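Visitor: Before we start, here is the structure in question, set down as structure tokens.
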Number of protein chains: 2
Amino acid sequence: MSLSRSVQDYLKAILELEGDAGHASTGDLAERLGVAAPSVTGMLRRLSAARPALVSYTKHRGARLTRLGRKRAMEIVRHHRLIEQFLFEALGVPWDEVHQEAEGLEHAISESLEARMADRLGHPHTDPHGHLIPGLDGRLPRRRTIRLDRLDSGQFGRIAEVRDHDPALLRHLASLGMVPGTRVRVVERSPFGGPLTLEVEGEIRQVGIQPSSQVQIAIPDSNGAAKGEETSE
Amino acid sequence: MSLSRSVQDYLKAILELEGDAGHASTGDLAERLGVAAPSVTGMLRRLSAARPALVSYTKHRGARLTRLGRKRAMEIVRHHRLIEQFLFEALGVPWDEVHQEAEGLEHAISESLEARMADRLGHPHTDPHGHLIPGLDGRLPRRRTIRLDRLDSGQFGRIAEVRDHDPALLRHLASLGMVPGTRVRVVERSPFGGPLTLEVEGEIRQVGIQPSSQVQIAIPDSNGAAKGEETSE
DNA sequence: TGGCTGCATTAGTCACACCTAATTAGGGAT
DNA sequence: ATCCCTAATTAGGTGTGACTAATGCAGCCA
């Protein structure tokens, strides 16, 4: 039983909102998917009524993915991120465009084509925005990150990933050299949501609080796996 | 105004049937699209009622594409064939699988991604089955071909293109070395739909009438453009 | 505890694209 | 000219996924 395009989009959106808030509310889903709230209620009812259920849903209390729903969602995310990486690496599509392209292609690609792409890319672990690519089993390694705007003055770290929905934001970040892997240091935090002063690749930059909140900084493993990188400074 | 996936599939099917028979009948469309005949009638009514119309349709008389409909259909065929060529050349997808993959991807690819793929491939003129790829303007150069099973004994020519819908046929042809560009000669024709005896790359082969009918042989230009090839024998 | 406010749900439609069953039209054979 | 057969159309219905308008619930503030 294959899932319709709409259903796939709902599952992916629920997965992402769950990551942010623990559950996906009707309103948030409606906004993210660009549909009216009643459409969301209707879909959640159907998804939770299906056997086996993909979503668990209680009225007025939002939705969560079931184990199976999460698996399906992860498969879609795998498609999406592999496609992004392929477009970026193999075809040179700019990193602010790959998300939009992948949004359509993720529903059209076959498993065998996906396998071929992964092969060609050497089975990458991340997409162009630094997001981890789930394995074929739908599982992801855990990775601890912290939002750049939550770092204190003087702290530093390496950019792990950036939110990919807004092309303008991505272009802005790229123009500042802020791509995954880049090392940044917080020079100063202005209070009350003012801009951050950062050191990026030796340059001092002012970055607004909004863009900063879209950037995740890697938290090094405590067991020293990433120690080499940290001490190379 | 973008066309739904179904509409795109109808336009493409009408284009192909028009090529074979001059017009697309309800029944033929239903068979090709895998839907019931009344569904086709309904769609043709909608397509011909739309302003601007994509299809001209008279009851019991089948459908034809309008100028605009043909343009749209050609755009889809361009997507399809470029994707086939890309999968074949850039990803090594076997030629009997590319059609099926492209069937889904053709509806999901953006113009800008298509341009990038065309660029990467050096703006190819044919797909892996030898079919011509329409230009961005939706136009195709004319090319004269004749079905292999219509060739007389002793005649020879170069394979221009082969039908791509049946993977088993494609595997069969590939196993005989019968791919676009290959030179074949008709050694003998059995009467009453018996097999053809061919010479392919120096080998003598028996080929059934059904497979032969799916192979188109190039008819050399009369002005001698392809003369060099013909006389090199 | 009562009431307000905002968010969510129910109620009722619509368009799209499909289906089966019943009817009608076209075109060749008698 | 009529009959018959096949193909196509009309009639009536379904599931999906969306919408607007109207109603209902939850949680907060007083």
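Residues are named by chain letter and number: chains run A, B, ... in the order of the structure tokens, numbers start at 1 in each chain, and ligands are numbered from 1 in the order shown.
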Enumerate, in order of chain and increasing residue number, the residues of chain B with an atom no farther than 6 Å from chain A, each with its shortest atom pair and distance in Å to one decimal, counting only C-alpha atoms, as a tab-separated table.
Guide:
residue	atom	partner	partner_atom	distance
B:Gly104	CA	A:Ala108	CA	5.2
B:Leu105	CA	A:Ala108	CA	5.4
B:Ala108	CA	A:Gly104	CA	5.2
Visitor: Set out as a tab-separated table a contact list for chain A and chain D with a cut-off of 9 Å, giving each residue of chain A that qualifies its closest atom pair and distance in Å to one decimal, counting only C-alpha atoms (C1' of nucleotides), ordered by chain and rising residue number.
Guide:
residue	atom	partner	partner_atom	distance
A:Ser6	CA	D:DG17	C1'	8.0
A:Val35	CA	D:DA18	C1'	7.8
A:Ala36	CA	D:DC19	C1'	7.7
A:Pro38	CA	D:DC19	C1'	8.7
A:Ser39	CA	D:DA18	C1'	6.6
A:Gly42	CA	D:DG17	C1'	8.9
A:Met43	CA	D:DG17	C1'	8.2
A:His60	CA	D:DC25	C1'	8.0
Visitor: Any idea what the distance is between atom CA of B:Asp96 and atom CA of B:Val215?
Guide: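 So the two atoms, atom CA of B:Asp96 and atom CA of B:Val215, lie 14.6 Å apart.
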Visitor: Which residues are close to A:Arg32, i.e. within 12 Å by only C-alpha atoms (C1' of nucleotides), leaving aside same-chain residues fewer than 3 positions away? Reply as a VMD selection string.
Guide: chain A and resid 9 to 17 24 to 29 35 to 37 40 165
Visitor: Starting from chain C, keep only residues with some atom at most 8 Å from an atom of chain A, counting only C-alpha atoms (C1' of nucleotides), and report them as JSON, numbers by chain.
Guide: {"C": [7, 8, 9]}
Visitor: Give me, as a PDB file with N, CA and C atoms, in the first residue's frame, the residues of stretch 17-70 of chain B that a backbone DSSP run labels alpha helix (DSSP H).
Guide:
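What landed in selection_29.pdb:
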ATOM      1  N   LEU B  17      -0.626   8.433 -29.731  1.00  0.00           N
ATOM      2  CA  LEU B  17      -1.617   7.747 -30.557  1.00  0.00           C
ATOM      3  C   LEU B  17      -1.862   8.518 -31.848  1.00  0.00           C
ATOM      4  N   GLU B  18      -1.835   9.828 -31.783  1.00  0.00           N
ATOM      5  CA  GLU B  18      -1.970  10.635 -32.990  1.00  0.00           C
ATOM      6  C   GLU B  18      -0.867  10.283 -33.985  1.00  0.00           C
ATOM      7  N   GLY B  19       0.329  10.087 -33.447  1.00  0.00           N
ATOM      8  CA  GLY B  19       1.444   9.726 -34.305  1.00  0.00           C
ATOM      9  C   GLY B  19       1.207   8.415 -35.036  1.00  0.00           C
ATOM     10  N   ASP B  20       0.564   7.470 -34.350  1.00  0.00           N
ATOM     11  CA  ASP B  20       0.318   6.169 -34.960  1.00  0.00           C
ATOM     12  C   ASP B  20      -0.870   6.186 -35.915  1.00  0.00           C
ATOM     13  N   ALA B  21      -1.954   6.852 -35.495  1.00  0.00           N
ATOM     14  CA  ALA B  21      -3.218   6.678 -36.211  1.00  0.00           C
ATOM     15  C   ALA B  21      -3.838   7.978 -36.708  1.00  0.00           C
ATOM     16  N   THR B  26     -11.147   6.898 -28.000  1.00  0.00           N
ATOM     17  CA  THR B  26     -11.443   6.685 -26.584  1.00  0.00           C
ATOM     18  C   THR B  26     -10.880   5.349 -26.090  1.00  0.00           C
ATOM     19  N   GLY B  27     -11.142   4.313 -26.842  1.00  0.00           N
ATOM     20  CA  GLY B  27     -10.715   2.986 -26.416  1.00  0.00           C
ATOM     21  C   GLY B  27      -9.204   2.846 -26.326  1.00  0.00           C
ATOM     22  N   ASP B  28      -8.511   3.349 -27.348  1.00  0.00           N
ATOM     23  CA  ASP B  28      -7.052   3.266 -27.335  1.00  0.00           C
ATOM     24  C   ASP B  28      -6.476   4.023 -26.150  1.00  0.00           C
ATOM     25  N   LEU B  29      -7.044   5.197 -25.900  1.00  0.00           N
ATOM     26  CA  LEU B  29      -6.565   5.980 -24.761  1.00  0.00           C
ATOM     27  C   LEU B  29      -6.795   5.233 -23.460  1.00  0.00           C
ATOM     28  N   ALA B  30      -7.998   4.662 -23.333  1.00  0.00           N
ATOM     29  CA  ALA B  30      -8.317   3.933 -22.105  1.00  0.00           C
ATOM     30  C   ALA B  30      -7.311   2.813 -21.886  1.00  0.00           C
ATOM     31  N   GLU B  31      -6.995   2.088 -22.970  1.00  0.00           N
ATOM     32  CA  GLU B  31      -6.063   0.985 -22.817  1.00  0.00           C
ATOM     33  C   GLU B  31      -4.674   1.486 -22.437  1.00  0.00           C
ATOM     34  N   ARG B  32      -4.205   2.484 -23.157  1.00  0.00           N
ATOM     35  CA  ARG B  32      -2.850   2.978 -22.893  1.00  0.00           C
ATOM     36  C   ARG B  32      -2.715   3.536 -21.489  1.00  0.00           C
ATOM     37  N   LEU B  33      -3.777   4.187 -20.993  1.00  0.00           N
ATOM     38  CA  LEU B  33      -3.683   4.836 -19.683  1.00  0.00           C
ATOM     39  C   LEU B  33      -4.114   3.910 -18.548  1.00  0.00           C
ATOM     40  N   ALA B  37     -13.144   3.261 -20.165  1.00  0.00           N
ATOM     41  CA  ALA B  37     -13.491   4.170 -21.256  1.00  0.00           C
ATOM     42  C   ALA B  37     -14.264   5.414 -20.801  1.00  0.00           C
ATOM     43  N   PRO B  38     -15.235   5.276 -19.896  1.00  0.00           N
ATOM     44  CA  PRO B  38     -15.978   6.481 -19.496  1.00  0.00           C
ATOM     45  C   PRO B  38     -15.085   7.546 -18.857  1.00  0.00           C
ATOM     46  N   SER B  39     -14.019   7.106 -18.194  1.00  0.00           N
ATOM     47  CA  SER B  39     -13.095   8.077 -17.608  1.00  0.00           C
ATOM     48  C   SER B  39     -12.469   8.914 -18.704  1.00  0.00           C
ATOM     49  N   VAL B  40     -12.168   8.263 -19.816  1.00  0.00           N
ATOM     50  CA  VAL B  40     -11.547   8.974 -20.931  1.00  0.00           C
ATOM     51  C   VAL B  40     -12.530   9.984 -21.518  1.00  0.00           C
ATOM     52  N   THR B  41     -13.766   9.534 -21.757  1.00  0.00           N
ATOM     53  CA  THR B  41     -14.760  10.463 -22.290  1.00  0.00           C
ATOM     54  C   THR B  41     -14.850  11.706 -21.405  1.00  0.00           C
ATOM     55  N   GLY B  42     -14.927  11.472 -20.105  1.00  0.00           N
ATOM     56  CA  GLY B  42     -15.038  12.596 -19.170  1.00  0.00           C
ATOM     57  C   GLY B  42     -13.858  13.538 -19.277  1.00  0.00           C
ATOM     58  N   MET B  43     -12.669  12.988 -19.324  1.00  0.00           N
ATOM     59  CA  MET B  43     -11.479  13.830 -19.394  1.00  0.00           C
ATOM     60  C   MET B  43     -11.425  14.592 -20.707  1.00  0.00           C
ATOM     61  N   LEU B  44     -11.783  13.929 -21.801  1.00  0.00           N
ATOM     62  CA  LEU B  44     -11.729  14.612 -23.098  1.00  0.00           C
ATOM     63  C   LEU B  44     -12.713  15.782 -23.132  1.00  0.00           C
ATOM     64  N   ARG B  45     -13.870  15.570 -22.514  1.00  0.00           N
ATOM     65  CA  ARG B  45     -14.834  16.666 -22.437  1.00  0.00           C
ATOM     66  C   ARG B  45     -14.235  17.846 -21.688  1.00  0.00           C
ATOM     67  N   ARG B  46     -13.600  17.554 -20.563  1.00  0.00           N
ATOM     68  CA  ARG B  46     -13.012  18.643 -19.780  1.00  0.00           C
ATOM     69  C   ARG B  46     -11.882  19.329 -20.528  1.00  0.00           C
ATOM     70  N   LEU B  47     -11.019  18.519 -21.155  1.00  0.00           N
ATOM     71  CA  LEU B  47      -9.865  19.103 -21.849  1.00  0.00           C
ATOM     72  C   LEU B  47     -10.301  19.970 -23.026  1.00  0.00           C
ATOM     73  N   SER B  48     -11.371  19.569 -23.685  1.00  0.00           N
ATOM     74  CA  SER B  48     -11.780  20.344 -24.859  1.00  0.00           C
ATOM     75  C   SER B  48     -12.656  21.526 -24.453  1.00  0.00           C
ATOM     76  N   ALA B  49     -13.223  21.474 -23.229  1.00  0.00           N
ATOM     77  CA  ALA B  49     -14.040  22.597 -22.764  1.00  0.00           C
ATOM     78  C   ALA B  49     -13.167  23.693 -22.160  1.00  0.00           C
ATOM     79  N   ARG B  67      -2.985  23.219 -31.112  1.00  0.00           N
ATOM     80  CA  ARG B  67      -1.602  23.696 -31.198  1.00  0.00           C
ATOM     81  C   ARG B  67      -0.988  23.789 -29.796  1.00  0.00           C
ATOM     82  N   LEU B  68      -1.767  24.381 -28.871  1.00  0.00           N
ATOM     83  CA  LEU B  68      -1.269  24.537 -27.503  1.00  0.00           C
ATOM     84  C   LEU B  68      -1.084  23.184 -26.812  1.00  0.00           C
ATOM     85  N   GLY B  69      -2.054  22.305 -27.017  1.00  0.00           N
ATOM     86  CA  GLY B  69      -1.965  20.982 -26.416  1.00  0.00           C
ATOM     87  C   GLY B  69      -0.721  20.236 -26.887  1.00  0.00           C
ATOM     88  N   ARG B  70      -0.427  20.367 -28.164  1.00  0.00           N
ATOM     89  CA  ARG B  70       0.754  19.704 -28.715  1.00  0.00           C
ATOM     90  C   ARG B  70       2.013  20.278 -28.096  1.00  0.00           C
TER      91      ARG B  70
END
Visitor: Any idea what's packed within 12 Å of stretch 167-177 of chain B, counting only C-alpha atoms (C1' of nucleotides), ignoring anything in its chain fewer than 6 positions away? Could you give it as a PyMOL selection string?
Guide: chain B and resi 94-101+128-129+159+161+183-184+198-208+210-215
Visitor: Between atom CA of A:Ile83 and atom CA of A:Gly181, what is the distance, to one decimal in Å?
Guide: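 We find that atom CA of A:Ile83 and atom CA of A:Gly181 lie 20.3 Å from each other.
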Visitor: Taking the backbone alone, and naming residues the way the document does, which bits of stretch 48-84 of chain B are strand (DSSP E or B) by DSSP, as a PyMOL selection string?
Guide: chain B and resi 55-57+63-65
Visitor: Output C-alpha atoms for every residue in that selection, as a PDB file, in the first residue's frame.
Guide:
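Final file, selection-v7.pdb:
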ATOM      1  CA  VAL B  55      -7.674  19.086 -27.147  1.00  0.00           C
ATOM      2  CA  SER B  56     -10.250  19.185 -29.876  1.00  0.00           C
ATOM      3  CA  TYR B  57     -12.797  16.478 -29.421  1.00  0.00           C
ATOM      4  CA  ALA B  63      -9.388  13.477 -29.933  1.00  0.00           C
ATOM      5  CA  ARG B  64      -6.630  15.582 -31.439  1.00  0.00           C
ATOM      6  CA  LEU B  65      -4.297  17.990 -29.732  1.00  0.00           C
TER       7      LEU B  65
END
Visitor: Which value, in Å to one decimal, gives the distance between atom CA of B:Phe156 and atom CA of B:His123?
Guide: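 One can read the atom CA of B:Phe156 to atom CA of B:His123 distance as 29.5 Å.
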Visitor: Name all residues at most 6 Å from stretch 138-150 of chain B (count only C-alpha atoms (C1' of nucleotides); drop same-chain ones fewer than 2 positions away) and give them as a VMD selection string.
Guide: chain B and resid 71 74 to 75 134 to 136 212 to 213 215 to 219
